>>> print(open('protein25.cif').read())   # mmCIF, C-alpha atoms
data_upload
#
loop_
_atom_site.label_atom_id
_atom_site.label_comp_id
_atom_site.auth_asym_id
_atom_site.auth_seq_id
_atom_site.Cartn_x
_atom_site.Cartn_y
_atom_site.Cartn_z
CA MET Q 6 0.00 0.00 0.00
CA GLN Q 7 1.13 3.53 -0.77
CA LEU Q 8 -0.08 6.95 0.33
CA HIS Q 9 -0.26 9.65 -2.31
CA LYS Q 10 -0.94 13.35 -1.65
CA PHE Q 11 -2.32 15.88 -4.11
CA ASP Q 12 -1.83 19.61 -4.51
CA ASN Q 13 -4.22 19.96 -7.46
CA ILE Q 14 -7.86 19.67 -6.46
CA GLN Q 15 -9.05 18.80 -9.97
CA GLU Q 16 -6.57 15.93 -10.21
CA PHE Q 17 -7.66 14.69 -6.79
CA TRP Q 18 -11.30 14.78 -7.84
CA ASP Q 19 -10.60 13.00 -11.12
CA CYS Q 20 -8.75 10.29 -9.20
CA THR Q 21 -11.22 9.79 -6.35
CA GLN Q 22 -14.69 10.49 -7.71
CA ALA Q 23 -15.44 6.92 -8.81
CA TYR Q 24 -14.45 5.53 -5.42
CA LEU Q 25 -16.34 8.17 -3.45
CA LEU Q 26 -19.48 7.75 -5.55
CA GLN Q 27 -19.34 3.98 -5.16
CA HIS Q 28 -20.07 4.58 -1.48
CA GLN Q 29 -21.93 7.89 -1.75
CA VAL Q 30 -23.90 7.47 1.47
CA GLU Q 31 -20.82 7.02 3.63
CA ASN Q 32 -18.78 9.57 1.65
CA ASN Q 33 -21.40 12.29 1.19
CA LEU Q 34 -19.54 14.82 3.34
CA LEU Q 35 -16.29 14.30 1.43
CA LEU Q 36 -18.16 14.72 -1.86
CA SER Q 37 -19.66 17.96 -0.60
CA ILE Q 38 -16.31 19.37 0.53
CA LEU Q 39 -14.65 18.44 -2.75
CA HIS Q 40 -17.43 20.18 -4.66
CA THR Q 41 -16.76 23.32 -2.63
CA LEU Q 42 -12.99 23.08 -3.14
CA LEU Q 43 -13.54 22.81 -6.89
CA HIS Q 44 -16.14 25.55 -7.30
CA ASN Q 45 -15.76 27.81 -4.27
CA PRO Q 46 -12.20 27.38 -2.93
CA GLU Q 47 -12.25 30.70 -1.06
CA ARG Q 48 -14.70 29.08 1.38
CA TYR Q 49 -11.70 27.49 3.12
CA LEU Q 50 -8.89 29.61 4.48
CA GLY Q 51 -6.03 27.08 4.55
CA LYS Q 52 -4.39 24.73 2.09
CA PRO Q 53 -6.32 21.44 2.08
CA TYR Q 54 -4.83 18.05 2.87
CA LEU Q 55 -5.84 15.65 0.09
CA ALA Q 56 -4.62 12.07 0.27
CA ILE Q 57 -5.40 8.57 -0.93
CA VAL Q 58 -4.06 5.16 -0.01
CA GLN Q 59 -3.94 2.71 -2.88
CA THR Q 60 -2.51 -0.61 -3.97
CA ASN Q 61 -2.00 -1.67 -7.57
CA GLY Q 62 -3.93 1.39 -8.71
CA GLU Q 63 -6.95 0.57 -6.54
CA ILE Q 64 -8.04 3.17 -3.98
CA LEU Q 65 -8.50 1.79 -0.48
CA ALA Q 66 -9.17 5.00 1.47
CA VAL Q 67 -9.43 8.78 1.04
CA ALA Q 68 -8.66 11.52 3.57
CA ILE Q 69 -9.44 15.24 3.41
CA ARG Q 70 -8.70 18.08 5.78
CA THR Q 71 -9.45 21.78 5.37
CA PRO Q 72 -7.44 23.48 8.14
CA PRO Q 73 -8.22 24.35 10.86
CA GLN Q 74 -10.94 21.71 10.73
CA LYS Q 75 -10.66 18.06 11.74
CA LEU Q 76 -9.54 15.29 9.41
CA ILE Q 77 -12.36 13.55 7.51
CA LEU Q 78 -11.96 9.90 6.56
CA SER Q 79 -13.76 8.01 3.81
CA LYS Q 80 -15.03 4.49 4.00
CA ALA Q 81 -11.89 2.33 4.05
CA GLN Q 82 -11.50 -0.97 2.22
CA ASN Q 83 -8.55 -1.92 4.42
CA MET Q 84 -8.13 -0.65 7.97
CA ASP Q 85 -4.33 -0.75 7.66
CA THR Q 86 -4.66 2.32 5.43
CA LEU Q 87 -5.51 4.38 8.50
CA ARG Q 88 -2.05 3.85 9.97
CA LEU Q 89 -0.44 5.23 6.80
CA ILE Q 90 -2.60 8.33 6.99
CA ALA Q 91 -1.84 8.83 10.68
CA GLN Q 92 1.89 8.40 10.08
CA ASP Q 93 1.80 10.98 7.30
CA LEU Q 94 0.06 13.52 9.54
CA ARG Q 95 1.83 12.82 12.82
CA GLN Q 96 3.83 16.07 12.73
CA GLU Q 97 0.68 18.14 12.19
CA GLN Q 98 -1.38 19.85 14.90
CA LEU Q 99 -4.46 17.76 14.28
CA PRO Q 100 -7.49 18.77 16.42
CA GLY Q 101 -9.39 15.56 15.76
CA SER Q 102 -10.99 13.28 13.20
CA MET Q 103 -14.41 12.29 11.94
CA GLY Q 104 -15.79 9.49 9.85
CA LEU Q 105 -17.61 6.18 9.97
CA ALA Q 106 -17.62 4.70 13.47
CA LYS Q 107 -15.14 1.88 12.88
CA GLU Q 108 -12.71 3.81 10.69
CA VAL Q 109 -12.48 6.87 12.88
CA GLU Q 110 -12.08 4.88 16.10
CA ILE Q 111 -9.19 2.88 14.65
CA PHE Q 112 -7.57 6.04 13.30
CA SER Q 113 -7.90 7.79 16.67
CA GLN Q 114 -6.40 4.83 18.53
CA THR Q 115 -3.52 4.80 16.07
CA TRP Q 116 -3.05 8.56 16.47
CA GLN Q 117 -2.70 8.19 20.22
CA THR Q 118 -0.12 5.42 19.79
CA LEU Q 119 1.92 7.51 17.36
CA THR Q 120 1.70 10.91 19.03
CA GLY Q 121 0.90 10.28 22.67
CA GLN Q 122 -2.14 12.52 22.41
CA PHE Q 123 -5.36 11.44 24.05
CA TYR Q 124 -8.51 10.95 22.00
CA GLN Q 125 -12.11 11.31 23.10
CA ARG Q 126 -15.31 10.75 21.18
CA SER Q 127 -17.00 14.13 21.17
CA VAL Q 128 -20.07 13.66 18.97
CA VAL Q 129 -22.10 10.60 17.97
CA MET Q 130 -24.02 11.19 14.76
CA LYS Q 131 -26.08 9.38 12.17
CA ILE Q 132 -26.05 9.72 8.38
CA TYR Q 133 -29.58 10.10 7.00
CA GLN Q 134 -30.78 9.76 3.41
CA LEU Q 135 -33.99 11.00 1.80
CA THR Q 136 -35.37 10.18 -1.65
CA ALA Q 137 -38.92 11.53 -1.21
CA VAL Q 138 -40.38 14.05 1.22
CA GLN Q 139 -43.19 12.63 3.34
CA ARG Q 140 -46.40 14.57 3.86
CA VAL Q 141 -46.22 16.32 7.20
CA SER Q 142 -48.38 18.95 8.79
CA THR Q 143 -46.65 22.19 7.89
CA ALA Q 144 -46.48 25.36 9.89
CA ARG Q 145 -47.78 28.61 8.52
CA GLY Q 146 -45.25 30.47 6.42
CA TYR Q 147 -43.02 30.04 3.39
CA LEU Q 148 -39.42 29.35 2.36
CA ARG Q 149 -37.34 32.37 1.37
CA LEU Q 150 -33.75 32.71 0.20
CA ALA Q 151 -31.53 34.65 2.60
CA THR Q 152 -30.17 37.82 1.02
CA GLU Q 153 -27.60 40.48 1.84
CA SER Q 154 -30.22 42.40 3.83
CA ASP Q 155 -30.35 39.42 6.23
CA ARG Q 156 -26.62 39.45 6.90
CA SER Q 157 -26.71 40.71 10.50
CA LEU Q 158 -29.44 38.20 11.42
CA LEU Q 159 -27.47 35.37 9.82
CA VAL Q 160 -24.36 36.30 11.81
CA GLU Q 161 -26.40 36.34 15.02
CA TRP Q 162 -28.13 33.02 14.34
CA LEU Q 163 -25.03 31.20 13.13
CA ALA Q 164 -23.09 32.28 16.22
CA ALA Q 165 -25.99 31.12 18.40
CA PHE Q 166 -26.06 27.78 16.58
CA PHE Q 167 -22.37 27.13 17.22
CA SER Q 168 -22.73 28.16 20.84
CA GLU Q 169 -25.70 25.86 21.35
CA ILE Q 170 -23.95 22.78 19.99
CA ASP Q 171 -20.92 23.72 22.11
CA GLU Q 172 -18.65 23.86 19.09
CA ALA Q 173 -15.69 26.20 19.13
CA VAL Q 174 -15.88 28.45 16.08
CA SER Q 175 -12.63 27.73 14.25
CA GLU Q 176 -13.17 30.41 11.64
CA ASP Q 177 -14.79 33.80 11.45
CA VAL Q 178 -18.59 33.57 11.52
CA GLU Q 179 -18.90 36.58 9.27
CA HIS Q 180 -16.71 34.87 6.68
CA GLN Q 181 -19.05 31.87 6.76
CA VAL Q 182 -22.10 34.09 6.40
CA ASP Q 183 -20.63 36.01 3.48
CA ASN Q 184 -19.82 32.74 1.76
CA ARG Q 185 -23.34 31.38 2.29
CA LEU Q 186 -24.82 34.57 0.85
CA LYS Q 187 -22.53 34.37 -2.15
CA GLN Q 188 -23.48 30.76 -2.80
CA GLN Q 189 -27.20 31.49 -2.30
CA ASN Q 190 -27.69 28.27 -0.39
CA THR Q 191 -29.28 29.42 2.89
CA TYR Q 192 -33.02 29.79 3.41
CA PHE Q 193 -35.37 31.15 6.06
CA TRP Q 194 -38.78 29.84 6.95
CA VAL Q 195 -40.78 33.05 7.30
CA ASP Q 196 -43.98 33.53 9.29
CA ASN Q 197 -44.26 37.32 9.13
CA THR Q 198 -40.62 37.31 10.31
CA PRO Q 199 -37.79 34.75 9.88
CA VAL Q 200 -38.38 31.93 12.39
CA SER Q 201 -36.12 29.09 11.24
CA ILE Q 202 -33.14 28.55 8.97
CA ALA Q 203 -31.67 25.75 6.87
CA SER Q 204 -28.81 25.57 4.40
CA SER Q 205 -28.17 23.16 1.55
CA LYS Q 206 -25.62 22.21 -1.03
CA GLN Q 207 -25.68 20.17 -4.22
CA ALA Q 208 -22.46 18.16 -4.12
CA LEU Q 209 -23.31 16.81 -7.58
CA PRO Q 210 -26.34 17.30 -9.84
CA THR Q 211 -27.99 14.23 -8.28
CA ILE Q 212 -26.73 14.57 -4.68
CA GLY Q 213 -27.82 17.23 -2.19
CA ARG Q 214 -27.06 17.86 1.47
CA ILE Q 215 -28.70 19.76 4.27
CA ASN Q 216 -25.74 21.14 6.21
CA LEU Q 217 -27.33 23.53 8.69
CA ALA Q 218 -30.69 23.65 10.45
CA TYR Q 219 -31.43 26.00 13.33
CA THR Q 220 -34.46 27.53 15.03
CA PRO Q 221 -34.08 30.14 17.80
CA PRO Q 222 -35.53 29.02 21.15
CA GLU Q 223 -38.44 31.47 21.04
CA TYR Q 224 -39.74 29.91 17.79
CA ARG Q 225 -39.41 26.24 18.71
CA ARG Q 226 -42.17 23.63 19.10
CA LYS Q 227 -44.28 25.36 16.47
CA GLY Q 228 -43.40 23.14 13.49
CA TYR Q 229 -41.16 25.74 11.83
CA ALA Q 230 -38.04 23.54 11.69
CA THR Q 231 -39.99 20.66 10.16
CA ALA Q 232 -41.52 22.96 7.55
CA CYS Q 233 -38.19 24.59 6.72
CA VAL Q 234 -36.16 21.39 6.30
CA ALA Q 235 -38.99 19.65 4.41
CA ALA Q 236 -39.38 22.54 1.97
CA LEU Q 237 -35.65 22.84 1.35
CA SER Q 238 -35.31 19.06 0.88
CA GLN Q 239 -38.14 19.15 -1.66
CA LYS Q 240 -36.40 22.04 -3.42
CA LEU Q 241 -33.26 19.91 -3.81
CA LEU Q 242 -35.32 17.04 -5.25
CA ASP Q 243 -37.05 19.45 -7.63
CA GLN Q 244 -33.62 20.64 -8.81
CA GLY Q 245 -32.75 17.10 -9.87
CA CYS Q 246 -31.25 15.50 -6.76
CA HIS Q 247 -32.01 11.80 -6.41
CA HIS Q 248 -30.70 11.68 -2.85
CA CYS Q 249 -30.57 14.20 -0.02
CA PHE Q 250 -28.23 13.58 2.89
CA LEU Q 251 -27.73 15.07 6.31
CA ILE Q 252 -25.70 14.16 9.38
CA ALA Q 253 -27.50 14.58 12.70
CA ASP Q 254 -26.24 14.61 16.28
CA LEU Q 255 -27.96 11.78 18.15
CA ALA Q 256 -27.84 13.88 21.33
CA ASN Q 257 -30.68 15.96 19.82
CA PRO Q 258 -33.70 13.60 19.76
CA THR Q 259 -36.06 16.34 18.61
CA ALA Q 260 -34.07 17.01 15.45
CA ASN Q 261 -33.72 13.30 14.71
CA HIS Q 262 -37.48 12.84 15.08
CA ILE Q 263 -38.13 15.74 12.72
CA TYR Q 264 -35.81 14.36 10.05
CA GLN Q 265 -37.39 10.91 10.15
CA ALA Q 266 -40.89 12.38 10.00
CA ILE Q 267 -39.91 14.26 6.85
CA GLY Q 268 -38.64 11.07 5.21
CA TYR Q 269 -34.96 10.83 6.12
CA HIS Q 270 -33.86 7.27 6.86
CA PRO Q 271 -30.93 6.53 9.21
CA LEU Q 272 -28.19 4.54 7.47
CA SER Q 273 -24.70 4.79 9.00
CA ASP Q 274 -23.07 5.79 12.26
CA TRP Q 275 -20.77 8.80 11.98
CA HIS Q 276 -18.51 9.74 14.89
CA GLU Q 277 -16.28 12.68 15.72
CA TYR Q 278 -13.21 12.55 17.97
CA SER Q 279 -11.14 15.29 19.57
CA PHE Q 280 -7.39 15.01 20.27
CA THR Q 281 -5.82 16.60 23.32
CA SER Q 282 -2.25 16.90 24.54
CA ASN Q 283 -1.14 14.79 27.45
CA GLU Q 284 0.68 17.75 28.98
#
>>> encode(input="protein25.cif", output="structure tokens")
Amino acid sequence: MQLHKFDNIQEFWDCTQAYLLQHQVENNLLLSILHTLLHNPERYLGKPYLAIVQTNGEILAVAIRTPPQKLILSKAQNMDTLRLIAQDLRQEQLPGSMGLAKEVEIFSQTWQTLTGQFYQRSVVMKIYQLTAVQRVSTARGYLRLATESDRSLLVEWLAAFFSEIDEAVSEDVEHQVDNRLKQQNTYFWVDNTPVSIASSKQALPTIGRINLAYTPPEYRRKGYATACVAALSQKLLDQGCHHCFLIADLANPTANHIYQAIGYHPLSDWHEYSFTSNE
């Protein structure tokens, strides 16, 4: 087995797309990030880490990192590939890793052995897939694209979202908001005033992802989140997507219930680990 790194994003995509699409459920986040790197590279502030492990020309695993974010691992055909990736990154200041439950646990164990850093599972998530939106009772209101006039509200809500999920903001919130506005991928559910928000991305013409869903506390338990995510999921299907994906934190039973009511089916376990120094 050999590890090969790429500097050219297009070459990396050309090399990995067949493998990633072969397991598109498990690799949907990697597909989404690669789409952004290809078409909106200014979204990420640092040089990405792009690597594959292969043998005899056959890809066995893919790894992507967009600093300062955590490493993201693909589905691996051989778990020994994870050691090669860890060895290649051992001199880096890696904050953590995420991926399918088995792959990311083995990688994290290997990372501790190589670096002496401790690892701790920080988030337990589930990959969901939707192919048709189920009929649900919808709240009053309508879906509206967020525009530049909503910028201050988006900054406020995005900061509140990160604070609520207890996630340290590793990049400027305003930069994220400006990028979302530029990409025109963030929508409000409006009932006289914005009451819920969701964001989407088409990783490929036939693959879409919901990558943000948030409702301020004062507007919860009114059906707004269900209506917002359902409407945006239907919009992705109407635009030609055959599959919509999202990754949900299992610590939020309300959100998981909403997604399943809309028509999202749980498929794979997705875990996130954090690395800490032993000092």
>>> residues_near_point(input="protein25.cif", point="(-20.5, 29.6, 2.7)", cutoff="10 Å", atoms="all atoms listed in the file", output="list in words")
Thr41, Asn45, Glu47, Arg48, Tyr49, Val178, Glu179, His180, Gln181, Val182, Asp183, Asn184, Arg185, Leu186, Lys187, Gln188, Gln189, Asn190, Thr191, Ser204 and Lys206 of chain Q
>>> atom_distance(input="protein25.cif", atom1="CA of Cys246 in chain Q", atom2="CA of Gln29 in chain Q")
13.0 Å
>>> resolve_selection(input="protein25.cif", expression="the PyMOL selection byres ((chain Q and resi 211) around 7)", output="VMD selection string")
chain Q and resid 209 to 210 212 to 213 245 to 248
>>> atom_distance(input="protein25.cif", atom1="CA of Pro72 in chain Q", atom2="CA of Leu255 in chain Q")
25.7 Å
>>> resolve_selection(input="protein25.cif", expression="the PyMOL selection byres ((chain Q and resi 82) around 12)", output="number ranges by chain")
Q: 6, 24-25, 27-28, 57-60, 63-67, 78-81, 83-87, 107-108
>>> closest_residue(input="protein25.cif", among="Q:Arg226, Q:Phe280, Q:Ala165, Q:Gly51", to="Gln117 in chain Q", atoms="only C-alpha atoms")
Q:Phe280
>>> residues_around(input="protein25.cif", residues="Leu43 in chain Q", least_positions_apart="2", cutoff="9 Å", atoms="only C-alpha atoms", output="compact mmCIF listing (two decimals) with C-alpha atoms, in the coordinates of the input")
# COMPACT_ATOMS: atom_id res chain seq x y z
CA ILE Q 14 -7.86 19.67 -6.46
CA GLN Q 15 -9.05 18.80 -9.97
CA TRP Q 18 -11.30 14.78 -7.84
CA ILE Q 38 -16.31 19.37 0.53
CA LEU Q 39 -14.65 18.44 -2.75
CA HIS Q 40 -17.43 20.18 -4.66
CA THR Q 41 -16.76 23.32 -2.63
CA ASN Q 45 -15.76 27.81 -4.27
CA PRO Q 46 -12.20 27.38 -2.93
>>> atom_distance(input="protein25.cif", atom1="CA of Trp194 in chain Q", atom2="CA of Asn33 in chain Q")
25.4 Å
>>> resolve_selection(input="protein25.cif", expression="the PyMOL selection byres ((chain Q and resi 257) around 12)", output="list in words")
Val128, Val129, Met130, Lys131, Glu169, Ile170, Tyr219, Ile252, Ala253, Asp254, Leu255, Ala256, Pro258, Thr259, Ala260, Asn261, His262, Ile263 and Tyr264 of chain Q
>>> residues_near_point(input="protein25.cif", point="(-36.3, 30.8, 21.8)", cutoff="12 Å", atoms="all atoms listed in the file", output="PyMOL selection string")
chain Q and resi 162+165-166+169+200-201+219-227
>>> residues_around(input="protein25.cif", residues="range 113-116 of chain Q", least_positions_apart="3", cutoff="12 Å", atoms="all atoms listed in the file", output="number ranges by chain")
Q: 75-78, 84-110, 119-127, 276-282
>>> axis_aligned_box(input="protein25.cif", around="range 227-246 of chain Q", padding_each_side="5 Å", output="AutoDock Vina command-line options")
--center_x -37.8 --center_y 20.6 --center_z 3.3 --size_x 23.0 --size_y 20.2 --size_z 36.3
>>> closest_residue(input="protein25.cif", among="Q:Leu26, Q:Val234, Q:Leu150, Q:Leu42", to="Pro199 in chain Q", atoms="only C-alpha atoms")
Q:Leu150
>>> build_atoms(input="protein25.cif", residues="range 238-252 of chain Q", atoms="N, CA and C atoms", output="mmCIF file, keeping the file's coordinate frame")
data_model
loop_
_atom_site.group_PDB
_atom_site.id
_atom_site.type_symbol
_atom_site.label_atom_id
_atom_site.label_comp_id
_atom_site.auth_asym_id
_atom_site.auth_seq_id
_atom_site.Cartn_x
_atom_site.Cartn_y
_atom_site.Cartn_z
ATOM 1 N N SER Q 238 -35.586 20.387 1.431
ATOM 2 C CA SER Q 238 -35.310 19.060 0.880
ATOM 3 C C SER Q 238 -36.076 18.853 -0.419
ATOM 4 N N GLN Q 239 -37.341 19.278 -0.441
ATOM 5 C CA GLN Q 239 -38.140 19.150 -1.660
ATOM 6 C C GLN Q 239 -37.550 20.018 -2.780
ATOM 7 N N LYS Q 240 -37.022 21.172 -2.421
ATOM 8 C CA LYS Q 240 -36.400 22.040 -3.420
ATOM 9 C C LYS Q 240 -35.206 21.345 -4.068
ATOM 10 N N LEU Q 241 -34.398 20.651 -3.264
ATOM 11 C CA LEU Q 241 -33.260 19.910 -3.810
ATOM 12 C C LEU Q 241 -33.728 18.811 -4.752
ATOM 13 N N LEU Q 242 -34.787 18.090 -4.370
ATOM 14 C CA LEU Q 242 -35.320 17.040 -5.250
ATOM 15 C C LEU Q 242 -35.845 17.652 -6.550
ATOM 16 N N ASP Q 243 -36.511 18.783 -6.441
ATOM 17 C CA ASP Q 243 -37.050 19.450 -7.630
ATOM 18 C C ASP Q 243 -35.945 19.931 -8.563
ATOM 19 N N GLN Q 244 -34.764 20.193 -8.006
ATOM 20 C CA GLN Q 244 -33.620 20.640 -8.810
ATOM 21 C C GLN Q 244 -32.879 19.480 -9.448
ATOM 22 N N GLY Q 245 -33.335 18.249 -9.212
ATOM 23 C CA GLY Q 245 -32.750 17.100 -9.870
ATOM 24 C C GLY Q 245 -32.003 16.134 -8.976
ATOM 25 N N CYS Q 246 -31.936 16.426 -7.677
ATOM 26 C CA CYS Q 246 -31.250 15.500 -6.760
ATOM 27 C C CYS Q 246 -32.061 14.219 -6.604
ATOM 28 N N HIS Q 247 -31.369 13.084 -6.669
ATOM 29 C CA HIS Q 247 -32.010 11.800 -6.410
ATOM 30 C C HIS Q 247 -31.930 11.434 -4.937
ATOM 31 N N HIS Q 248 -30.928 11.975 -4.266
ATOM 32 C CA HIS Q 248 -30.700 11.680 -2.850
ATOM 33 C C HIS Q 248 -30.388 12.974 -2.119
ATOM 34 N N CYS Q 249 -30.950 13.121 -0.922
ATOM 35 C CA CYS Q 249 -30.570 14.200 -0.020
ATOM 36 C C CYS Q 249 -29.991 13.571 1.242
ATOM 37 N N PHE Q 250 -28.887 14.111 1.707
ATOM 38 C CA PHE Q 250 -28.230 13.580 2.890
ATOM 39 C C PHE Q 250 -28.168 14.658 3.973
ATOM 40 N N LEU Q 251 -28.086 14.206 5.193
ATOM 41 C CA LEU Q 251 -27.730 15.070 6.310
ATOM 42 C C LEU Q 251 -27.112 14.208 7.396
ATOM 43 N N ILE Q 252 -26.325 14.850 8.256
ATOM 44 C CA ILE Q 252 -25.700 14.160 9.380
ATOM 45 C C ILE Q 252 -26.211 14.823 10.652
#
